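Structure below is start.cif: mmCIF, C-alpha atoms.
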```cif
data_entry
loop_
_atom_site.group_PDB
_atom_site.id
_atom_site.type_symbol
_atom_site.label_atom_id
_atom_site.label_comp_id
_atom_site.auth_asym_id
_atom_site.auth_seq_id
_atom_site.Cartn_x
_atom_site.Cartn_y
_atom_site.Cartn_z
ATOM 1 C CA SER A 1 28.396 86.633 13.785
ATOM 2 C CA PHE A 2 30.084 85.145 16.825
ATOM 3 C CA ALA A 3 28.171 85.866 20.027
ATOM 4 C CA GLY A 4 30.274 84.075 22.614
ATOM 5 C CA ARG A 5 31.303 80.803 24.205
ATOM 6 C CA VAL A 6 29.330 78.888 26.811
ATOM 7 C CA ILE A 7 31.442 76.601 29.001
ATOM 8 C CA SER A 8 30.318 75.154 32.312
ATOM 9 C CA GLN A 9 33.686 74.196 33.839
ATOM 10 C CA ASP A 10 37.308 73.454 33.067
ATOM 11 C CA LEU A 11 38.548 70.031 32.045
ATOM 12 C CA ASN A 12 39.621 69.096 35.583
ATOM 13 C CA SER A 13 36.255 69.775 37.216
ATOM 14 C CA SER A 14 32.892 68.047 37.197
ATOM 15 C CA ILE A 15 29.600 69.856 37.057
ATOM 16 C CA ARG A 16 28.058 70.560 40.450
ATOM 17 C CA SER A 17 24.431 70.587 41.525
ATOM 18 C CA MET A 18 22.763 73.959 41.084
ATOM 19 C CA PRO A 19 19.284 75.311 41.852
ATOM 20 C CA TRP A 20 16.693 75.337 39.108
ATOM 21 C CA ALA A 21 16.224 78.481 37.058
ATOM 22 C CA PRO A 22 15.107 81.152 37.557
ATOM 23 C CA ASP A 23 16.183 80.698 41.177
ATOM 24 C CA GLY A 24 19.813 79.991 40.339
ATOM 25 C CA GLY A 25 22.224 78.060 38.167
ATOM 26 C CA CYS A 26 24.796 79.267 35.675
ATOM 27 C CA MET A 27 23.574 81.958 33.277
ATOM 28 C CA TRP A 28 25.066 83.564 30.152
ATOM 29 C CA GLU A 29 23.562 86.674 28.566
ATOM 30 C CA MET A 30 23.832 87.694 24.896
ATOM 31 C CA GLU A 31 23.055 91.168 23.632
ATOM 32 C CA PRO A 32 20.606 91.483 20.718
ATOM 33 C CA GLU A 33 21.920 91.323 17.156
ATOM 34 C CA VAL A 34 19.772 93.499 14.878
ATOM 35 C CA ASP A 35 21.258 92.067 11.676
ATOM 36 C CA SER A 36 20.462 88.459 12.566
ATOM 37 C CA THR A 37 17.492 86.386 11.424
ATOM 38 C CA GLY A 38 16.375 85.782 14.999
ATOM 39 C CA ALA A 39 18.060 82.381 15.116
ATOM 40 C CA ILE A 40 21.224 81.252 16.853
ATOM 41 C CA ARG A 41 23.541 78.365 16.001
ATOM 42 C CA LEU A 42 25.406 76.299 18.553
ATOM 43 C CA ILE A 43 28.676 74.631 17.600
ATOM 44 C CA LEU A 44 29.828 72.084 20.150
ATOM 45 C CA ASN A 45 33.520 72.121 21.005
ATOM 46 C CA ASN A 46 34.854 68.561 20.948
ATOM 47 C CA PHE A 47 31.243 67.311 20.907
ATOM 48 C CA SER A 48 30.967 68.407 24.545
ATOM 49 C CA PHE A 49 27.376 68.221 25.787
ATOM 50 C CA ASP A 50 27.785 65.845 28.695
ATOM 51 C CA LEU A 51 24.898 66.068 31.164
ATOM 52 C CA GLU A 52 23.137 63.392 33.172
ATOM 53 C CA PRO A 53 20.732 61.576 30.806
ATOM 54 C CA HIS A 54 17.047 61.496 31.663
ATOM 55 C CA SER A 55 13.761 60.839 29.905
ATOM 56 C CA VAL A 56 11.435 63.558 28.642
ATOM 57 C CA ASN A 57 9.017 63.163 31.523
ATOM 58 C CA HIS A 58 11.645 63.298 34.285
ATOM 59 C CA VAL A 59 13.366 66.252 35.919
ATOM 60 C CA GLY A 60 17.061 66.489 35.167
ATOM 61 C CA ASP A 61 19.987 68.551 33.871
ATOM 62 C CA LYS A 62 19.275 70.857 30.938
ATOM 63 C CA VAL A 63 20.292 74.007 29.109
ATOM 64 C CA ILE A 64 17.508 76.578 28.732
ATOM 65 C CA PHE A 65 17.412 79.267 26.032
ATOM 66 C CA ALA A 66 15.081 82.228 26.525
ATOM 67 C CA SER A 67 14.710 85.755 25.212
ATOM 68 C CA VAL A 68 13.572 88.624 27.377
ATOM 69 C CA GLY A 69 9.896 89.197 26.627
ATOM 70 C CA ASN A 70 9.522 85.763 25.019
ATOM 71 C CA GLU A 71 7.586 83.380 27.272
ATOM 72 C CA GLN A 72 8.470 80.275 25.239
ATOM 73 C CA ASN A 73 11.734 78.648 26.296
ATOM 74 C CA THR A 74 13.834 76.176 24.326
ATOM 75 C CA GLU A 75 15.414 73.365 26.318
ATOM 76 C CA LEU A 76 18.263 71.029 25.386
ATOM 77 C CA PHE A 77 19.125 67.953 27.422
ATOM 78 C CA VAL A 78 20.639 64.502 27.070
ATOM 79 C CA GLU A 79 17.783 62.062 26.644
ATOM 80 C CA SER A 80 18.052 58.532 27.980
ATOM 81 C CA CYS A 81 17.116 55.832 25.477
ATOM 82 C CA GLU A 82 16.873 52.141 24.731
ATOM 83 C CA ASN A 83 16.757 52.343 20.914
ATOM 84 C CA ASP A 84 17.206 54.806 18.042
ATOM 85 C CA GLU A 85 13.451 55.433 17.654
ATOM 86 C CA ILE A 86 13.388 57.414 20.903
ATOM 87 C CA CYS A 87 15.992 59.913 19.663
ATOM 88 C CA ASN A 88 13.785 62.096 17.449
ATOM 89 C CA PHE A 89 14.377 65.634 18.703
ATOM 90 C CA PRO A 90 15.836 68.027 16.084
ATOM 91 C CA TRP A 91 19.069 68.486 18.045
ATOM 92 C CA GLN A 92 19.697 64.734 18.164
ATOM 93 C CA THR A 93 21.409 62.604 15.520
ATOM 94 C CA GLY A 94 18.813 59.839 15.777
ATOM 95 C CA GLU A 95 21.312 57.384 17.285
ATOM 96 C CA CYS A 96 21.022 55.791 20.712
ATOM 97 C CA SER A 97 24.459 54.932 22.095
ATOM 98 C CA GLU A 98 25.264 53.629 25.579
ATOM 99 C CA GLY A 99 21.802 54.503 26.823
ATOM 100 C CA ARG A 100 21.804 58.128 25.688
ATOM 101 C CA CYS A 101 20.730 59.953 22.525
ATOM 102 C CA ALA A 102 23.667 61.434 20.631
ATOM 103 C CA ILE A 103 23.673 65.234 20.239
ATOM 104 C CA ARG A 104 24.411 66.948 16.926
ATOM 105 C CA ASN A 105 27.662 68.861 16.673
ATOM 106 C CA ARG A 106 25.797 71.818 15.148
ATOM 107 C CA ILE A 107 22.386 72.874 16.426
ATOM 108 C CA GLU A 108 20.288 75.731 15.087
ATOM 109 C CA LEU A 109 17.498 77.273 17.154
ATOM 110 C CA ALA A 110 15.228 79.318 14.936
ATOM 111 C CA ASP A 111 12.401 80.511 17.184
ATOM 112 C CA ILE A 112 13.991 82.260 20.165
ATOM 113 C CA GLY A 113 13.901 85.866 18.897
ATOM 114 C CA ALA A 114 17.631 86.462 19.138
ATOM 115 C CA ASN A 115 17.413 89.644 17.081
ATOM 116 C CA VAL A 116 14.898 91.570 19.181
ATOM 117 C CA SER A 117 15.932 91.169 22.814
ATOM 118 C CA LYS A 118 18.545 89.852 25.147
ATOM 119 C CA THR A 119 18.961 86.106 24.959
ATOM 120 C CA LEU A 120 19.578 84.245 28.192
ATOM 121 C CA ILE A 121 21.217 80.817 28.385
ATOM 122 C CA ARG A 122 20.840 78.957 31.664
ATOM 123 C CA LEU A 123 22.404 75.697 32.790
ATOM 124 C CA VAL A 124 20.492 74.021 35.625
ATOM 125 C CA THR A 125 21.090 70.627 37.204
ATOM 126 C CA ASP A 126 19.350 68.420 39.725
ATOM 127 C CA ARG A 127 21.031 67.460 42.997
ATOM 128 C CA ASN A 128 21.665 63.814 42.214
ATOM 129 C CA ASP A 129 23.920 62.532 39.434
ATOM 130 C CA GLY A 130 23.978 58.987 40.782
ATOM 131 C CA GLY A 131 27.588 59.242 41.873
ATOM 132 C CA LYS A 132 28.773 59.880 38.311
ATOM 133 C CA ASN A 133 30.806 62.821 37.052
ATOM 134 C CA PHE A 134 29.783 64.719 33.919
ATOM 135 C CA SER A 135 31.927 67.201 32.028
ATOM 136 C CA GLY A 136 29.070 69.621 31.333
ATOM 137 C CA VAL A 137 28.733 71.737 28.194
ATOM 138 C CA ASP A 138 31.120 73.655 25.961
ATOM 139 C CA PHE A 139 29.814 75.311 22.803
ATOM 140 C CA ASP A 140 30.118 78.479 20.733
ATOM 141 C CA VAL A 141 27.069 80.606 19.988
ATOM 142 C CA HIS A 142 26.619 82.365 16.641
ATOM 143 C CA PHE A 143 23.886 84.724 15.471
ATOM 144 C CA VAL A 144 22.522 83.482 12.139
ATOM 145 C CA GLN A 145 22.645 86.092 9.359
ATOM 146 C CA SER A 146 20.489 86.329 6.246
ATOM 147 C CA CYS A 147 21.838 84.651 3.139
ATOM 148 C CA PRO A 148 23.485 87.150 0.756
ATOM 149 C CA ALA A 149 22.865 84.915 -2.297
ATOM 150 C CA SER A 150 20.458 82.325 -3.667
ATOM 151 C CA ASN A 151 22.140 79.368 -1.972
ATOM 152 C CA CYS A 152 25.219 78.410 0.028
ATOM 153 C CA ALA A 153 27.401 77.669 -2.993
ATOM 154 C CA ASN A 154 26.678 81.055 -4.603
ATOM 155 C CA ALA A 155 27.514 82.736 -1.289
ATOM 156 C CA ASP A 156 30.977 81.117 -1.346
ATOM 157 C CA GLY A 157 29.958 79.182 1.750
ATOM 158 C CA SER A 158 30.236 75.592 2.902
ATOM 159 C CA CYS A 159 27.633 73.220 4.317
ATOM 160 C CA ASP A 160 27.902 70.936 7.302
ATOM 161 C CA ALA A 161 24.934 68.788 8.398
ATOM 162 C CA GLY A 162 22.609 70.940 6.288
ATOM 163 C CA LEU A 163 23.749 74.254 7.819
ATOM 164 C CA CYS A 164 25.603 76.848 5.767
ATOM 165 C CA THR A 165 28.578 78.886 6.904
ATOM 166 C CA CYS A 166 29.270 81.887 4.679
ATOM 167 C CA SER A 167 32.622 83.577 4.161
ATOM 168 C CA ASN A 168 34.469 84.897 7.227
ATOM 169 C CA PHE A 169 32.955 82.018 9.269
ATOM 170 C CA ILE A 170 29.560 83.726 9.486
ATOM 171 C CA ALA A 171 26.576 81.488 10.249
ATOM 172 C CA CYS A 172 23.946 82.147 7.580
ATOM 173 C CA ASP A 173 20.577 80.729 6.571
ATOM 174 C CA CYS A 174 21.524 79.889 2.961
ATOM 175 C CA SER A 175 20.021 76.796 1.425
ATOM 176 C CA CYS A 176 22.411 73.860 1.088
ATOM 177 C CA ASP A 177 20.659 72.277 -1.890
ATOM 178 C CA GLY A 178 21.836 72.720 -5.482
ATOM 179 C CA ASP A 179 18.902 74.844 -6.636
ATOM 180 C CA GLY A 180 19.462 78.530 -7.188
ATOM 181 C CA ASP A 181 20.459 81.145 -9.713
ATOM 182 C CA PRO A 182 22.593 80.184 -12.711
ATOM 183 C CA ASP A 183 26.324 80.557 -12.610
ATOM 184 C CA PRO A 184 26.942 84.313 -12.063
ATOM 185 C CA ASN A 185 29.863 84.089 -14.530
ATOM 186 C CA ILE A 186 27.389 83.297 -17.339
ATOM 187 C CA THR A 187 25.652 86.304 -18.897
ATOM 188 C CA GLN A 188 22.946 86.563 -21.524
ATOM 189 C CA ASP A 189 25.641 87.327 -24.103
ATOM 190 C CA ASP A 190 27.463 84.079 -23.379
ATOM 191 C CA SER A 191 27.758 82.227 -26.696
ATOM 192 C CA ARG A 192 26.821 78.935 -25.046
ATOM 193 C CA TYR A 193 23.369 80.303 -24.203
ATOM 194 C CA ASN A 194 22.852 82.662 -27.182
ATOM 195 C CA PRO A 195 19.671 81.747 -29.155
ATOM 196 C CA LEU A 196 21.494 82.272 -32.485
ATOM 197 C CA THR A 197 24.261 79.905 -31.422
ATOM 198 C CA ILE A 198 21.723 77.309 -30.326
ATOM 199 C CA GLY A 199 19.867 77.643 -33.662
ATOM 200 C CA LEU A 200 23.054 77.253 -35.671
ATOM 201 C CA GLY A 201 23.989 74.215 -33.647
ATOM 202 C CA LEU A 202 20.639 72.547 -34.242
ATOM 203 C CA GLY A 203 20.835 73.416 -37.958
ATOM 204 C CA SER A 204 24.250 71.792 -38.228
ATOM 205 C CA VAL A 205 22.982 68.622 -36.587
ATOM 206 C CA VAL A 206 20.019 68.426 -38.983
ATOM 207 C CA ALA A 207 22.285 69.022 -41.997
ATOM 208 C CA LEU A 208 24.673 66.267 -40.938
ATOM 209 C CA LEU A 209 21.748 63.901 -40.459
ATOM 210 C CA LEU A 210 20.430 64.641 -43.954
ATOM 211 C CA VAL A 211 23.878 64.083 -45.485
ATOM 212 C CA ALA A 212 24.173 60.756 -43.687
ATOM 213 C CA LEU A 213 20.739 59.654 -44.945
ATOM 214 C CA PHE A 214 21.611 60.676 -48.520
ATOM 215 C CA LEU A 215 24.886 58.734 -48.415
ATOM 216 C CA LEU A 216 23.072 55.683 -47.080
ATOM 217 C CA TYR A 217 20.481 55.938 -49.868
ATOM 218 C CA TYR A 218 23.179 56.436 -52.526
ATOM 219 C CA VAL A 219 25.216 53.434 -51.380
ATOM 220 C CA LYS A 220 22.133 51.215 -51.241
ATOM 221 C CA LYS A 221 20.920 52.386 -54.670
ATOM 222 C CA LYS A 222 24.346 51.848 -56.248
ATOM 223 C CA SER A 223 24.525 48.372 -54.720
ATOM 224 C CA ILE A 224 21.180 47.481 -56.311
ATOM 225 C CA LEU A 225 22.294 48.800 -59.727
ATOM 226 C CA LEU A 226 25.584 46.891 -59.583
ATOM 227 C CA LYS A 227 23.769 43.704 -58.683
ATOM 228 C CA ALA A 228 21.300 44.175 -61.557
ATOM 229 C CA ARG A 229 24.154 44.833 -64.016
ATOM 230 C CA GLU A 230 25.995 41.730 -62.814
ATOM 231 C CA GLU A 231 22.871 39.607 -63.293
ATOM 232 C CA ASP A 232 22.413 41.045 -66.836
ATOM 233 C CA LEU A 233 26.028 40.272 -67.760
ATOM 234 C CA ASN A 234 25.663 36.718 -66.493
ATOM 235 C CA ARG A 235 22.521 36.222 -68.538
ATOM 236 C CA LYS A 236 24.141 37.532 -71.698
ATOM 237 C CA GLU A 237 27.203 35.360 -71.147
ATOM 238 C CA THR A 238 24.963 32.308 -70.757
ATOM 239 C CA GLN A 239 23.158 33.160 -74.014
ATOM 240 C CA LEU A 240 26.471 33.630 -75.837
ATOM 241 C CA MET A 241 27.744 30.274 -74.649
ATOM 242 C CA ALA A 242 24.576 28.562 -75.753
ATOM 243 C CA PHE A 243 24.851 30.155 -79.220
ATOM 244 C CA ARG A 244 28.415 28.902 -79.660
ATOM 245 C CA LEU A 245 27.344 25.343 -78.811
ATOM 246 C CA GLY A 246 24.461 25.548 -81.241
ATOM 247 C CA THR A 247 21.896 25.168 -78.636
ATOM 248 C CA SER A 248 20.488 28.622 -79.074
ATOM 249 C CA LYS A 249 16.904 28.845 -80.297
#
```
Could the structure of this file be written out as structure tokens, please?
Amino acid sequence: SFAGRVISQDLNSSIRSMPWAPDGGCMWEMEPEVDSTGAIRLILNNFSFDLEPHSVNHVGDKVIFASVGNEQNTELFVESCENDEICNFPWQTGECSEGRCAIRNRIELADIGANVSKTLIRLVTDRNDGGKNFSGVDFDVHFVQSCPASNCANADGSCDAGLCTCSNFIACDCSCDGDGDPDPNITQDDSRYNPLTIGLGLGSVVALLLVALFLLYYVKKKSILLKAREEDLNRKETQLMAFRLGTSK
């Protein structure tokens, strides 16, 4: 279900320097969702996750996800890069472009305990953006629900980048692969899967094969008999001709 929208500033403003959490910065709070799986899904609006890039080992702008009572935080940031190999975080696409790792349009965070306590989202920045302006972040937050079926297709959902969205635009944890239960419209009484129907079908195939073999044998046998009769007639005709010429013994 939809939890809310996180947006750092309007289109005409640039992000300002803010103290590091927990001492300050922008903060959004989400109430617990008891029906969720404990995961949340972020959907970027217009691919907007524009923070100052920095390497893993350097201090810089980031978005921090934390649940009350959960000491482990999840951090998202724009990583600086020189090649695609550097961009290997789950929320990244694996592509290095213009010195920064591209961010996925849909990001799922599965270990933040979003179903048991309040979830806090903090945006913190350093105090030096090198004279550049960044548009900040803009994304929707959804609680991920349990899959009501065996896979996304059977739940009447759709998949995007390996994440399933069930009916009514609900984020769900359905599998996006093709494995799952058979077509629910097919029952055990369906004639296509009835053992008797299958047996009759196999019997018909065997019968047709036997008929074809018999016809092949009959045609070949008749051809041999006709050839033998033709050879016998030719021999008799030769003998008759020899008798008429008086050359017969």
Using the chain letters and numbering of this document, enumerate as a compact mmCIF listing (two decimals) with C-alpha atoms, in the coordinates of the input the residues selected by the PyMOL selection byres ((chain A and resi 49) around 12).
```txt
# COMPACT_ATOMS: atom_id res chain seq x y z
CA VAL A 6 29.33 78.89 26.81
CA ILE A 7 31.44 76.60 29.00
CA SER A 8 30.32 75.15 32.31
CA GLN A 9 33.69 74.20 33.84
CA ILE A 15 29.60 69.86 37.06
CA LEU A 42 25.41 76.30 18.55
CA ILE A 43 28.68 74.63 17.60
CA LEU A 44 29.83 72.08 20.15
CA ASN A 45 33.52 72.12 21.00
CA ASN A 46 34.85 68.56 20.95
CA PHE A 47 31.24 67.31 20.91
CA SER A 48 30.97 68.41 24.54
CA ASP A 50 27.78 65.84 28.70
CA LEU A 51 24.90 66.07 31.16
CA GLU A 52 23.14 63.39 33.17
CA PRO A 53 20.73 61.58 30.81
CA ASP A 61 19.99 68.55 33.87
CA LYS A 62 19.27 70.86 30.94
CA VAL A 63 20.29 74.01 29.11
CA LEU A 76 18.26 71.03 25.39
CA PHE A 77 19.12 67.95 27.42
CA VAL A 78 20.64 64.50 27.07
CA GLU A 79 17.78 62.06 26.64
CA TRP A 91 19.07 68.49 18.05
CA GLN A 92 19.70 64.73 18.16
CA ARG A 100 21.80 58.13 25.69
CA CYS A 101 20.73 59.95 22.52
CA ALA A 102 23.67 61.43 20.63
CA ILE A 103 23.67 65.23 20.24
CA ARG A 104 24.41 66.95 16.93
CA ASN A 105 27.66 68.86 16.67
CA ARG A 106 25.80 71.82 15.15
CA ILE A 107 22.39 72.87 16.43
CA LEU A 123 22.40 75.70 32.79
CA PHE A 134 29.78 64.72 33.92
CA SER A 135 31.93 67.20 32.03
CA GLY A 136 29.07 69.62 31.33
CA VAL A 137 28.73 71.74 28.19
CA ASP A 138 31.12 73.66 25.96
CA PHE A 139 29.81 75.31 22.80
CA ASP A 140 30.12 78.48 20.73
```
**Interatomic distance (Å, one decimal) between atom CA of A:Glu237 and atom CA of A:Tyr218** =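 About the pair atom CA of A:Glu237 and atom CA of A:Tyr218: they are 28.4 Å apart.
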Neighbours of A:Glu31 within 8 Å (all atoms listed in the file; same-chain residues fewer than 2 positions away dropped), as a JSON list (two decimals) with C-alpha atoms, in the frame of the given file?
```json
[["chain", "number", "residue", "atom", "x", "y", "z"],
["A", 29, "GLU", "CA", 23.56, 86.67, 28.57],
["A", 33, "GLU", "CA", 21.92, 91.32, 17.16],
["A", 117, "SER", "CA", 15.93, 91.17, 22.81],
["A", 118, "LYS", "CA", 18.55, 89.85, 25.15],
["A", 119, "THR", "CA", 18.96, 86.11, 24.96]]
```
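Once the PyMOL selection byres ((chain A and resi 2) around 7) is applied to the depicted file, the selected set reads Ser1, Ala3, Gly4, Val141, His142 and Phe143 of chain A.
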**One-decimal distance in Å that lies between atom CA of A:Arg41 and atom CA of A:Glu75** =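 Spanning atom CA of A:Glu75 to atom CA of A:Arg41 is a straight-line distance of 14.1 Å.
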Could you pull the residues within 8 Å of A:Ala149, counting only C-alpha atoms, minus those fewer than 5 positions along the same chain, as a short mmCIF file (atom, residue, chain, number, x, y, z; two decimals) with C-alpha atoms, in the coordinates of the input?
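Contents of the output file selection-v3.cif:
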```cif
data_model
loop_
_atom_site.label_atom_id
_atom_site.label_comp_id
_atom_site.auth_asym_id
_atom_site.auth_seq_id
_atom_site.Cartn_x
_atom_site.Cartn_y
_atom_site.Cartn_z
CA ASN A 154 26.68 81.06 -4.60
CA ALA A 155 27.51 82.74 -1.29
CA CYS A 174 21.52 79.89 2.96
#
```
On this structure, the PyMOL selection byres ((chain A and resi 168) around 12) would catch which residues? List them as a short mmCIF file (atom, residue, chain, number, x, y, z; two decimals) with C-alpha atoms, in the coordinates of the input, sorted by chain and number.
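After the write, selection28.cif holds the following:
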```
data_model
loop_
_atom_site.label_atom_id
_atom_site.label_comp_id
_atom_site.auth_asym_id
_atom_site.auth_seq_id
_atom_site.Cartn_x
_atom_site.Cartn_y
_atom_site.Cartn_z
CA SER A 1 28.40 86.63 13.78
CA PHE A 2 30.08 85.14 16.82
CA ALA A 155 27.51 82.74 -1.29
CA ASP A 156 30.98 81.12 -1.35
CA GLY A 157 29.96 79.18 1.75
CA SER A 158 30.24 75.59 2.90
CA THR A 165 28.58 78.89 6.90
CA CYS A 166 29.27 81.89 4.68
CA SER A 167 32.62 83.58 4.16
CA PHE A 169 32.96 82.02 9.27
CA ILE A 170 29.56 83.73 9.49
CA ALA A 171 26.58 81.49 10.25
CA CYS A 172 23.95 82.15 7.58
#
```
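The interatomic distance for the pair atom CA of A:His54 and atom CA of A:Asp126 works out to 10.9 Å.
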Can you report as lines of an AutoDock Vina configuration file the centre and edge lengths in Å, to one decimal, of an axis-aligned box around the listed atoms of stretch 41-52 of chain A padded with 8 Å on each side?
```
center_x = 29.0
center_y = 70.9
center_z = 24.6
size_x = 27.7
size_y = 31.0
size_z = 33.2
```
**Message:** Give me, as JSON, numbers by chain, all polymer residues having an atom no more than 7 Å from A:Met27, counting all atoms listed in the file and skipping those fewer than 6 positions away in the same chain.
**Reply:** {"A": [120, 121, 122, 123]}
